[in-house]
file my_file.cif (mmCIF, C-alpha atoms)
data_query
#
loop_
_atom_site.label_atom_id
_atom_site.label_comp_id
_atom_site.auth_asym_id
_atom_site.auth_seq_id
_atom_site.Cartn_x
_atom_site.Cartn_y
_atom_site.Cartn_z
CA MET A 1 13.59 -29.24 -98.99
CA LEU A 2 14.36 -32.83 -100.01
CA LEU A 3 15.96 -33.40 -103.40
CA GLY A 4 15.80 -36.67 -105.31
CA ALA A 5 18.68 -37.35 -107.70
CA TYR A 6 20.36 -39.82 -110.00
CA THR A 7 23.59 -41.04 -108.43
CA SER A 8 24.86 -43.54 -111.01
CA VAL A 9 25.18 -41.14 -113.96
CA PRO A 10 28.23 -38.97 -114.72
CA GLY A 11 28.02 -35.79 -112.67
CA GLY A 12 25.14 -37.18 -110.62
CA GLY A 13 24.25 -36.57 -107.00
CA ALA A 14 25.63 -38.23 -103.86
CA GLY A 15 22.24 -39.24 -102.45
CA ILE A 16 19.12 -37.44 -101.23
CA GLY A 17 19.94 -33.77 -101.05
CA LEU A 18 18.80 -31.54 -98.18
CA ALA A 19 18.35 -27.80 -98.57
CA SER A 20 16.74 -24.88 -96.81
CA TYR A 21 15.01 -22.00 -98.60
CA ASP A 22 13.90 -18.47 -97.79
CA ARG A 23 10.09 -18.35 -97.69
CA LYS A 24 9.96 -14.94 -99.38
CA THR A 25 12.67 -15.14 -102.03
CA GLY A 26 13.04 -18.90 -102.44
CA ARG A 27 16.81 -18.62 -102.16
CA MET A 28 18.17 -22.07 -101.37
CA ALA A 29 21.11 -23.17 -99.25
CA ALA A 30 22.66 -26.62 -98.91
CA ALA A 31 21.86 -28.53 -95.70
CA GLY A 32 23.59 -31.88 -96.26
CA VAL A 33 23.07 -35.16 -98.06
CA ILE A 34 21.53 -38.46 -96.99
CA GLU A 35 24.05 -40.88 -98.48
CA GLY A 36 23.75 -44.62 -99.04
CA VAL A 37 20.61 -44.36 -101.18
CA ALA A 38 21.16 -45.31 -104.83
CA ASP A 39 19.40 -43.36 -107.60
CA PRO A 40 16.65 -41.88 -105.38
CA SER A 41 14.87 -40.34 -108.37
CA TYR A 42 11.47 -39.89 -106.69
CA LEU A 43 10.51 -39.23 -103.08
CA ALA A 44 7.43 -39.45 -100.89
CA LEU A 45 6.75 -38.53 -97.27
CA HIS A 46 4.73 -40.49 -94.74
CA PRO A 47 1.54 -38.51 -93.85
CA ARG A 48 2.89 -38.00 -90.32
CA GLY A 49 6.15 -36.66 -91.72
CA HIS A 50 8.50 -38.93 -89.80
CA THR A 51 9.69 -41.15 -92.66
CA LEU A 52 10.90 -40.47 -96.18
CA TYR A 53 10.62 -43.05 -98.95
CA ALA A 54 12.79 -43.07 -102.08
CA VAL A 55 12.72 -45.31 -105.11
CA ASN A 56 16.04 -46.78 -106.16
CA GLU A 57 15.66 -46.48 -109.93
CA GLN A 58 17.88 -49.38 -110.92
CA GLN A 59 17.54 -52.65 -112.79
CA ASP A 60 16.92 -54.53 -109.55
CA GLY A 61 14.28 -52.11 -108.36
CA SER A 62 13.91 -51.27 -104.71
CA VAL A 63 12.64 -48.63 -102.31
CA THR A 64 14.41 -47.20 -99.26
CA ALA A 65 12.89 -45.85 -96.05
CA VAL A 66 14.70 -43.10 -94.11
CA ARG A 67 13.80 -41.91 -90.59
CA LEU A 68 14.10 -38.15 -90.83
CA ALA A 69 14.64 -37.41 -87.13
CA ASP A 70 18.17 -38.82 -87.29
CA ARG A 71 18.46 -39.52 -91.06
CA ARG A 72 18.81 -43.22 -90.33
CA ILE A 73 18.16 -45.63 -93.20
CA LEU A 74 15.55 -48.11 -91.98
CA GLY A 75 16.15 -50.53 -94.82
CA THR A 76 15.76 -51.20 -98.53
CA TRP A 77 13.21 -53.58 -100.02
CA SER A 78 12.68 -54.99 -103.50
CA THR A 79 9.78 -53.60 -105.51
CA GLY A 80 9.49 -56.81 -107.51
CA GLY A 81 10.37 -55.02 -110.75
CA ALA A 82 12.90 -52.93 -112.65
CA LEU A 83 13.53 -49.16 -112.71
CA PRO A 84 10.92 -47.98 -110.19
CA CYS A 85 10.32 -44.31 -110.97
CA HIS A 86 7.44 -43.17 -108.75
CA VAL A 87 6.36 -43.73 -105.17
CA SER A 88 3.49 -42.48 -103.01
CA VAL A 89 2.01 -43.26 -99.61
CA HIS A 90 -1.62 -44.23 -99.10
CA PRO A 91 -3.41 -41.61 -96.92
CA SER A 92 -3.78 -44.20 -94.14
CA GLY A 93 0.01 -44.25 -93.81
CA ARG A 94 -0.05 -48.06 -93.85
CA TRP A 95 0.82 -48.78 -97.48
CA LEU A 96 3.55 -47.67 -99.87
CA LEU A 97 2.72 -47.66 -103.59
CA THR A 98 5.45 -47.91 -106.26
CA ALA A 99 5.48 -47.90 -110.07
CA ASN A 100 8.09 -50.11 -111.80
CA TYR A 101 8.77 -48.41 -115.12
CA LEU A 102 10.70 -51.06 -117.03
CA SER A 103 8.63 -53.99 -115.75
CA GLY A 104 5.27 -52.31 -116.30
CA SER A 105 4.07 -53.24 -112.83
CA VAL A 106 2.98 -51.63 -109.57
CA ALA A 107 3.85 -52.77 -106.06
CA VAL A 108 2.41 -52.41 -102.56
CA HIS A 109 4.54 -52.53 -99.39
CA PRO A 110 3.11 -52.64 -95.85
CA ILE A 111 4.32 -49.82 -93.55
CA ASP A 112 4.62 -50.55 -89.83
CA GLY A 113 4.21 -48.13 -86.93
CA THR A 114 7.84 -47.02 -87.11
CA GLY A 115 7.62 -46.17 -90.80
CA ALA A 116 9.66 -49.20 -91.86
CA LEU A 117 8.59 -51.46 -94.71
CA SER A 118 8.31 -55.19 -95.25
CA GLU A 119 8.23 -57.34 -98.38
CA PRO A 120 5.62 -56.45 -101.02
CA SER A 121 2.09 -57.56 -100.24
CA ASP A 122 1.25 -57.37 -103.95
CA VAL A 123 2.92 -56.79 -107.32
CA VAL A 124 0.56 -56.36 -110.28
CA ALA A 125 1.71 -56.41 -113.91
CA HIS A 126 -0.06 -54.33 -116.58
CA LEU A 127 -0.68 -57.12 -119.08
CA VAL A 128 -3.72 -55.65 -120.87
CA PRO A 129 -4.26 -53.76 -123.08
CA PRO A 130 -1.29 -54.44 -125.42
CA PRO A 131 1.57 -51.91 -125.68
CA GLY A 132 1.02 -48.75 -127.68
CA PRO A 133 2.70 -47.80 -130.98
CA GLY A 134 6.47 -48.06 -130.82
CA GLN A 135 6.39 -49.75 -127.40
CA GLU A 136 7.54 -53.27 -126.56
CA SER A 137 5.81 -53.51 -123.20
CA ALA A 138 3.95 -51.68 -120.46
CA HIS A 139 5.83 -48.94 -118.57
CA ALA A 140 4.20 -47.94 -115.28
CA HIS A 141 5.12 -44.33 -114.56
CA GLN A 142 3.01 -43.23 -111.58
CA ILE A 143 0.73 -44.59 -108.87
CA ILE A 144 -1.38 -42.38 -106.59
CA THR A 145 -4.48 -42.50 -104.41
CA SER A 146 -7.65 -40.66 -105.42
CA PRO A 147 -8.50 -37.56 -103.32
CA ASP A 148 -11.20 -39.37 -101.35
CA GLY A 149 -8.93 -42.35 -100.67
CA ARG A 150 -11.30 -44.85 -102.30
CA PHE A 151 -9.20 -45.84 -105.30
CA VAL A 152 -5.61 -46.17 -106.47
CA LEU A 153 -4.76 -44.98 -109.99
CA ALA A 154 -1.74 -46.13 -111.99
CA VAL A 155 -0.54 -44.33 -115.12
CA ASP A 156 1.19 -46.47 -117.75
CA LEU A 157 3.19 -44.82 -120.52
CA GLY A 158 3.86 -48.02 -122.45
CA ASN A 159 0.27 -48.97 -123.17
CA ASP A 160 -1.31 -45.50 -123.06
CA THR A 161 -3.53 -46.49 -120.15
CA VAL A 162 -4.64 -45.30 -116.71
CA TYR A 163 -5.73 -48.11 -114.39
CA THR A 164 -8.10 -47.82 -111.43
CA TYR A 165 -7.58 -50.24 -108.55
CA ARG A 166 -9.22 -50.82 -105.21
CA LEU A 167 -6.70 -51.39 -102.42
CA ASP A 168 -7.70 -53.94 -99.79
CA THR A 169 -6.46 -52.15 -96.67
CA THR A 170 -6.44 -55.41 -94.73
CA THR A 171 -4.34 -57.55 -97.08
CA GLY A 172 -2.55 -54.91 -99.15
CA HIS A 173 -3.78 -56.44 -102.41
CA LEU A 174 -4.84 -54.45 -105.47
CA LYS A 175 -7.96 -55.35 -107.45
CA ARG A 176 -8.33 -53.76 -110.87
CA ILE A 177 -11.81 -52.37 -111.35
CA ALA A 178 -11.44 -50.19 -114.46
CA TYR A 179 -9.02 -48.83 -117.00
CA VAL A 180 -9.13 -46.22 -119.74
CA THR A 181 -6.87 -46.10 -122.78
CA LEU A 182 -5.84 -42.72 -124.15
CA ALA A 183 -4.92 -41.93 -127.77
CA PRO A 184 -2.51 -44.45 -129.33
CA GLY A 185 1.03 -43.24 -128.74
CA ALA A 186 0.01 -40.60 -126.17
CA GLY A 187 2.39 -41.95 -123.54
CA PRO A 188 0.67 -40.80 -120.32
CA ARG A 189 3.27 -40.01 -117.66
CA HIS A 190 1.75 -38.17 -114.68
CA LEU A 191 -1.77 -37.45 -113.44
CA THR A 192 -3.00 -34.94 -110.90
CA PHE A 193 -6.47 -34.19 -109.56
CA HIS A 194 -8.35 -30.92 -109.35
CA PRO A 195 -8.95 -30.10 -105.65
CA ARG A 196 -12.69 -30.80 -105.99
CA GLY A 197 -11.90 -34.36 -107.07
CA ARG A 198 -14.14 -34.45 -110.15
CA PHE A 199 -11.46 -33.96 -112.82
CA ALA A 200 -7.96 -35.27 -113.39
CA TYR A 201 -5.27 -33.88 -115.69
CA VAL A 202 -2.88 -36.20 -117.53
CA ALA A 203 0.48 -35.09 -118.97
CA ASN A 204 1.27 -37.16 -122.08
CA GLU A 205 4.99 -37.53 -122.66
CA LEU A 206 5.01 -39.07 -126.13
CA ASP A 207 2.53 -36.94 -128.09
CA ASN A 208 3.27 -33.67 -126.25
CA THR A 209 -0.27 -33.06 -124.97
CA VAL A 210 -2.38 -32.66 -121.84
CA VAL A 211 -5.79 -34.31 -121.41
CA VAL A 212 -8.58 -33.38 -118.97
CA CYS A 213 -10.44 -36.45 -117.71
CA ALA A 214 -13.80 -36.40 -115.95
CA TYR A 215 -13.56 -38.58 -112.84
CA ASP A 216 -16.41 -40.52 -111.25
CA PRO A 217 -15.61 -40.83 -107.53
CA ALA A 218 -18.30 -43.50 -107.14
CA THR A 219 -16.80 -45.93 -109.65
CA GLY A 220 -13.24 -44.69 -110.21
CA ASP A 221 -13.86 -44.34 -113.95
CA LEU A 222 -12.03 -41.72 -116.03
CA SER A 223 -13.50 -40.19 -119.20
CA PRO A 224 -10.82 -38.42 -121.31
CA GLY A 225 -11.53 -35.21 -123.19
CA PRO A 226 -9.66 -33.83 -126.21
CA ALA A 227 -5.88 -33.42 -126.29
CA LEU A 228 -4.66 -29.92 -125.38
CA ARG A 229 -1.58 -27.91 -126.30
CA THR A 230 1.46 -27.70 -124.03
CA GLY A 231 2.67 -24.34 -125.36
CA ALA A 232 5.79 -26.08 -126.67
CA GLY A 233 5.32 -26.82 -130.36
CA THR A 234 3.26 -29.50 -132.03
CA GLY A 235 5.68 -32.38 -132.58
CA PRO A 236 5.66 -35.70 -130.74
CA GLY A 237 7.67 -36.23 -127.61
CA LEU A 238 10.14 -38.92 -126.56
CA SER A 239 10.63 -42.19 -128.32
CA SER A 240 10.19 -45.27 -126.16
CA GLY A 241 13.90 -45.68 -125.44
CA LEU A 242 14.25 -42.34 -123.68
CA SER A 243 11.72 -42.49 -120.89
CA SER A 244 13.94 -43.99 -118.23
CA GLY A 245 15.74 -41.34 -116.26
CA LEU A 246 18.87 -43.49 -116.15
CA SER A 247 19.33 -43.11 -119.90
CA LEU A 248 19.20 -39.33 -119.61
CA GLY A 249 22.24 -38.17 -117.69
CA PRO A 250 22.68 -34.58 -116.56
CA SER A 251 25.17 -33.81 -119.34
CA SER A 252 23.66 -35.85 -122.16
CA GLY A 253 22.15 -33.00 -124.16
CA ILE A 254 18.64 -34.27 -123.53
CA GLY A 255 16.81 -31.09 -124.43
CA GLY A 256 16.74 -30.55 -128.16
CA ALA A 257 13.91 -29.40 -130.40
CA ARG A 258 11.21 -31.83 -129.29
CA ASN A 259 9.13 -31.52 -126.16
CA TYR A 260 8.45 -34.17 -123.54
CA PRO A 261 5.86 -33.10 -120.92
CA ALA A 262 6.85 -34.35 -117.48
CA GLN A 263 4.47 -33.35 -114.72
CA ILE A 264 1.33 -31.30 -114.24
CA LEU A 265 0.60 -29.47 -110.98
CA VAL A 266 -2.62 -27.80 -109.78
CA GLY A 267 -2.83 -25.26 -106.97
CA LYS A 268 -5.03 -25.74 -103.91
CA SER A 269 -7.37 -22.99 -105.11
CA GLY A 270 -8.00 -24.96 -108.28
CA ARG A 271 -7.61 -21.81 -110.41
CA PHE A 272 -4.30 -22.51 -112.15
CA ALA A 273 -2.33 -25.49 -113.42
CA TYR A 274 1.33 -25.72 -114.39
CA LEU A 275 3.10 -28.15 -116.72
CA ALA A 276 6.83 -28.91 -116.84
CA ASN A 277 7.98 -28.99 -120.46
CA ARG A 278 11.21 -30.93 -120.99
CA GLY A 279 12.95 -30.10 -124.23
CA HIS A 280 11.17 -26.77 -124.63
CA ASN A 281 12.53 -26.16 -121.11
CA SER A 282 9.59 -24.14 -119.93
CA ILE A 283 6.68 -24.18 -117.54
CA ALA A 284 3.25 -23.74 -119.08
CA ARG A 285 0.55 -21.91 -117.13
CA TYR A 286 -3.11 -22.79 -117.58
CA ALA A 287 -6.29 -21.18 -116.34
CA VAL A 288 -8.59 -23.83 -114.87
CA GLN A 289 -12.15 -23.16 -115.97
CA ALA A 290 -15.67 -24.60 -115.61
CA SER A 291 -15.02 -25.93 -112.10
CA GLY A 292 -12.08 -27.97 -113.37
CA ALA A 293 -13.54 -29.25 -116.63
CA ARG A 294 -11.38 -27.10 -118.92
CA LEU A 295 -7.80 -25.86 -119.17
CA ARG A 296 -6.89 -22.74 -121.12
CA LEU A 297 -3.24 -22.19 -121.96
CA LEU A 298 -2.12 -18.75 -120.80
CA ASP A 299 1.63 -18.67 -121.41
CA THR A 300 4.96 -20.41 -120.93
CA VAL A 301 8.00 -19.15 -119.05
CA PRO A 302 11.61 -20.34 -119.55
CA VAL A 303 12.66 -22.64 -116.75
CA ARG A 304 16.28 -21.34 -116.78
CA GLY A 305 17.54 -24.90 -116.76
CA ASP A 306 17.57 -28.06 -118.85
CA PHE A 307 14.93 -30.80 -118.75
CA PRO A 308 12.58 -29.87 -115.85
CA ARG A 309 11.60 -33.30 -114.57
CA HIS A 310 9.62 -32.29 -111.48
CA ILE A 311 7.89 -29.18 -110.11
CA ALA A 312 6.61 -28.46 -106.61
CA PHE A 313 4.98 -25.65 -104.62
CA SER A 314 6.01 -24.19 -101.30
CA PRO A 315 3.27 -24.74 -98.67
CA ASP A 316 1.74 -21.28 -99.26
CA GLU A 317 2.07 -21.78 -103.05
CA ARG A 318 3.79 -18.42 -103.48
CA LEU A 319 6.93 -20.21 -104.69
CA LEU A 320 7.32 -22.89 -107.34
CA PHE A 321 10.47 -25.04 -107.57
CA ALA A 322 11.63 -26.88 -110.71
CA ALA A 323 14.14 -29.76 -110.56
CA ASN A 324 16.09 -29.67 -113.83
CA GLN A 325 17.65 -33.04 -114.56
CA GLY A 326 19.73 -31.98 -117.55
CA SER A 327 21.40 -28.97 -115.94
CA GLY A 328 21.60 -30.42 -112.43
CA SER A 329 19.81 -27.47 -110.89
CA VAL A 330 16.70 -26.27 -109.08
CA THR A 331 15.14 -23.02 -110.25
CA VAL A 332 12.70 -20.95 -108.22
CA PHE A 333 9.74 -18.85 -109.31
CA ARG A 334 7.40 -16.53 -107.47
CA ALA A 335 3.77 -17.44 -108.19
CA ASP A 336 1.29 -14.56 -108.08
CA PRO A 337 -1.73 -15.80 -106.08
CA GLY A 338 -4.13 -13.64 -108.10
CA THR A 339 -3.00 -14.31 -111.64
CA GLY A 340 -0.90 -17.44 -111.27
CA ARG A 341 1.85 -15.71 -113.22
CA LEU A 342 5.37 -17.02 -112.61
CA SER A 343 8.42 -14.77 -112.30
CA PRO A 344 12.02 -15.94 -111.77
CA SER A 345 13.49 -15.53 -108.30
CA GLY A 346 17.23 -15.63 -107.74
CA ALA A 347 19.94 -17.72 -109.35
CA PRO A 348 19.51 -21.48 -109.98
CA TYR A 349 20.60 -23.74 -107.14
CA ALA A 350 23.16 -26.41 -108.06
CA ALA A 351 21.72 -29.89 -107.50
CA PRO A 352 23.66 -32.58 -109.44
CA GLY A 353 21.41 -35.23 -110.99
CA ALA A 354 18.27 -33.33 -109.91
CA ALA A 355 15.13 -35.43 -110.45
CA CYS A 356 12.66 -34.43 -107.73
CA ALA A 357 12.18 -31.41 -105.45
CA MET A 358 9.91 -31.98 -102.46
CA VAL A 359 9.14 -29.38 -99.82
CA ARG A 360 8.84 -30.80 -96.32
CA ILE A 361 6.12 -29.03 -94.36
#

call {"tool": "encode", "arguments": {"input": "my_file.cif", "output": "structure tokens"}}
result
Amino acid sequence: MLLGAYTSVPGGGAGIGLASYDRKTGRMAAAGVIEGVADPSYLALHPRGHTLYAVNEQQDGSVTAVRLADRRILGTWSTGGALPCHVSVHPSGRWLLTANYLSGSVAVHPIDGTGALSEPSDVVAHLVPPPGPGQESAHAHQIITSPDGRFVLAVDLGNDTVYTYRLDTTTGHLKRIAYVTLAPGAGPRHLTFHPRGRFAYVANELDNTVVVCAYDPATGDLSPGPALRTGAGTGPGLSSGLSSGLSLGPSSGIGGARNYPAQILVGKSGRFAYLANRGHNSIARYAVQASGARLRLLDTVPVRGDFPRHIAFSPDERLLFAANQGSGSVTVFRADPGTGRLSPSGAPYAAPGAACAMVRI
């Protein structure tokens, strides 16, 4: 397992954590640290598995490439923005995609045959529509490729918008072809697709909701449905000043009474979805119905930690891991393949500054 962390906060991590885990129980054991990477709050693997990419979530935003065979750092490159908080790799393995939170922009880096990067081929600012209520500017929070590889989607918390781009795989330039604006003040944070590729689920950080969006794979258009409950109260989520991970240190008391949805995860079977609830400190379980068109809240389970920022499955999806930023820990759950029900497994694993837990297959 690879663990992203904040390194510049009190009690933070020393770099990218490495851990092993038991495939049956989920029990984790430390396996070292890749040092020399500052605030690697989000991680992504090259499709061939040889290179790891980490954002450096700092004012002068950058991304670092690490060759996993010998843990050698291949270099660090500017993302052309501030506080990059999400990174993904295009399925071709030739392009790295990064979201700059504070700058409200997304960047593209070419990837060469060794896995190393070069300077950005494109940096695109989210200038329209205008910022949402209580926001001063756009805040890009995620950038991913659609399941069929045809489009790139960027989620922006600051202006309540999801953008659809077409990536020119020759030049590395992004062309915006559509965007959809969610409810004012929703604060969309993370999006994930149903395995069939016809629906996408958006976790809204600011209004404490989840939205199911119909997705047109021919055009890249999203059509949002009604806002859904998170199982964690009815109040709004974070104010604009609290979205950056760097302002939320592991001992800052960042839970509290309000809830701030972080990430939504859907299993490969497409039958269940899970939402990390920060503040309520729980994981919500949903039944996925009507071939992906509907979510029905089943229950929530305590995460046994503070501020679950990221959740991830083991390859067989019988284990679910939660990286808890506030408590500096990773908690493990068994996931019943028939019911989707989560049950705690073992004691929390200490992971200072925990921000991302990624299982390496």

call {"tool": "resolve_selection", "arguments": {"input": "my_file.cif", "expression": "the PyMOL selection byres ((chain A and resi 178) around 8)", "output": "ChimeraX atom specification"}}
result
/A:163-165,176-177,179-180,220-221

call {"tool": "resolve_selection", "arguments": {"input": "my_file.cif", "expression": "the PyMOL selection byres ((chain A and resi 200) around 12)", "output": "PyMOL selection string"}}
result
chain A and resi 144+146-147+153+155+162+190-199+201-203+210-217+220-225+264-266+270+273+288+291-295

call {"tool": "atom_distance", "arguments": {"input": "my_file.cif", "atom1": "CA of Gly353 in chain A", "atom2": "CA of Ala38 in chain A"}}
result
11.8 Å

call {"tool": "closest_atom_pairs", "arguments": {"input": "my_file.cif", "of": "range 103-174 of chain A", "to": "range 78-84 of chain A", "cutoff": "12 Å", "atoms": "all atoms listed in the file", "output": "JSON lines"}}
result
{"residue": "A:Ser103", "atom": "CA", "partner": "A:Ala82", "partner_atom": "CA", "distance": 5.4}
{"residue": "A:Gly104", "atom": "CA", "partner": "A:Gly81", "partner_atom": "CA", "distance": 8.0}
{"residue": "A:Ser105", "atom": "CA", "partner": "A:Gly81", "partner_atom": "CA", "distance": 6.9}
{"residue": "A:Val106", "atom": "CA", "partner": "A:Thr79", "partner_atom": "CA", "distance": 8.2}
{"residue": "A:Ala107", "atom": "CA", "partner": "A:Thr79", "partner_atom": "CA", "distance": 6.0}
{"residue": "A:Val108", "atom": "CA", "partner": "A:Thr79", "partner_atom": "CA", "distance": 8.0}
{"residue": "A:His109", "atom": "CA", "partner": "A:Thr79", "partner_atom": "CA", "distance": 8.1}
{"residue": "A:Pro110", "atom": "CA", "partner": "A:Thr79", "partner_atom": "CA", "distance": 11.8}
{"residue": "A:Leu117", "atom": "CA", "partner": "A:Ser78", "partner_atom": "CA", "distance": 10.3}
{"residue": "A:Ser118", "atom": "CA", "partner": "A:Ser78", "partner_atom": "CA", "distance": 9.3}
{"residue": "A:Glu119", "atom": "CA", "partner": "A:Ser78", "partner_atom": "CA", "distance": 7.2}
{"residue": "A:Pro120", "atom": "CA", "partner": "A:Thr79", "partner_atom": "CA", "distance": 6.8}
{"residue": "A:Ser121", "atom": "CA", "partner": "A:Thr79", "partner_atom": "CA", "distance": 10.1}
{"residue": "A:Asp122", "atom": "CA", "partner": "A:Gly80", "partner_atom": "CA", "distance": 9.0}
{"residue": "A:Val123", "atom": "CA", "partner": "A:Gly80", "partner_atom": "CA", "distance": 6.6}
{"residue": "A:Val124", "atom": "CA", "partner": "A:Gly80", "partner_atom": "CA", "distance": 9.4}
{"residue": "A:Ala125", "atom": "CA", "partner": "A:Gly81", "partner_atom": "CA", "distance": 9.3}
{"residue": "A:His126", "atom": "CA", "partner": "A:Gly81", "partner_atom": "CA", "distance": 12.0}
{"residue": "A:Ala138", "atom": "CA", "partner": "A:Ala82", "partner_atom": "CA", "distance": 11.9}
{"residue": "A:His139", "atom": "CA", "partner": "A:Leu83", "partner_atom": "CA", "distance": 9.7}
{"residue": "A:Ala140", "atom": "CA", "partner": "A:Pro84", "partner_atom": "CA", "distance": 8.4}
{"residue": "A:His141", "atom": "CA", "partner": "A:Pro84", "partner_atom": "CA", "distance": 8.1}
{"residue": "A:Gln142", "atom": "CA", "partner": "A:Pro84", "partner_atom": "CA", "distance": 9.3}
{"residue": "A:Ile143", "atom": "CA", "partner": "A:Pro84", "partner_atom": "CA", "distance": 10.8}

call {"tool": "residues_around", "arguments": {"input": "my_file.cif", "residues": "Leu52 in chain A", "least_positions_apart": "5", "cutoff": "6 Å", "atoms": "all atoms listed in the file", "output": "ChimeraX atom specification"}}
result
/A:44-45,65-66

call {"tool": "closest_residue", "arguments": {"input": "my_file.cif", "among": "A:Val152, A:Leu157, A:Leu275, A:Ala322", "to": "Thr169 in chain A", "atoms": "only C-alpha atoms"}}
result
A:Val152

call {"tool": "build_atoms", "arguments": {"input": "my_file.cif", "residues": "range 304-319 of chain A", "atoms": "N, CA and C atoms", "output": "tab-separated table (two decimals), in the coordinates of the input"}}
result
chain	number	residue	atom	x	y	z
A	304	ARG	N	14.91	-21.73	-117.13
A	304	ARG	CA	16.28	-21.34	-116.78
A	304	ARG	C	17.11	-22.56	-116.37
A	305	GLY	N	16.81	-23.67	-116.99
A	305	GLY	CA	17.54	-24.90	-116.76
A	305	GLY	C	17.24	-25.86	-117.89
A	306	ASP	N	17.75	-27.08	-117.79
A	306	ASP	CA	17.57	-28.06	-118.85
A	306	ASP	C	16.80	-29.27	-118.33
A	307	PHE	N	15.71	-29.60	-119.00
A	307	PHE	CA	14.93	-30.80	-118.75
A	307	PHE	C	14.27	-30.80	-117.36
A	308	PRO	N	13.28	-29.92	-117.14
A	308	PRO	CA	12.58	-29.87	-115.85
A	308	PRO	C	11.74	-31.13	-115.62
A	309	ARG	N	12.24	-32.00	-114.78
A	309	ARG	CA	11.60	-33.30	-114.57
A	309	ARG	C	10.47	-33.24	-113.54
A	310	HIS	N	10.58	-32.31	-112.59
A	310	HIS	CA	9.62	-32.29	-111.48
A	310	HIS	C	9.43	-30.86	-111.01
A	311	ILE	N	8.19	-30.50	-110.66
A	311	ILE	CA	7.89	-29.18	-110.11
A	311	ILE	C	7.10	-29.34	-108.83
A	312	ALA	N	7.28	-28.38	-107.91
A	312	ALA	CA	6.61	-28.46	-106.61
A	312	ALA	C	6.37	-27.07	-106.06
A	313	PHE	N	5.30	-26.90	-105.31
A	313	PHE	CA	4.98	-25.65	-104.62
A	313	PHE	C	5.60	-25.62	-103.23
A	314	SER	N	5.82	-24.39	-102.74
A	314	SER	CA	6.01	-24.19	-101.30
A	314	SER	C	4.64	-24.35	-100.65
A	315	PRO	N	4.57	-24.53	-99.31
A	315	PRO	CA	3.27	-24.74	-98.67
A	315	PRO	C	2.25	-23.63	-98.93
A	316	ASP	N	2.68	-22.37	-99.00
A	316	ASP	CA	1.74	-21.28	-99.26
A	316	ASP	C	1.52	-21.04	-100.76
A	317	GLU	N	2.19	-21.83	-101.59
A	317	GLU	CA	2.07	-21.78	-103.05
A	317	GLU	C	2.46	-20.43	-103.65
A	318	ARG	N	3.26	-19.67	-102.93
A	318	ARG	CA	3.79	-18.42	-103.48
A	318	ARG	C	5.14	-18.63	-104.16
A	319	LEU	N	5.70	-19.84	-104.02
A	319	LEU	CA	6.93	-20.21	-104.69
A	319	LEU	C	6.71	-21.53	-105.43
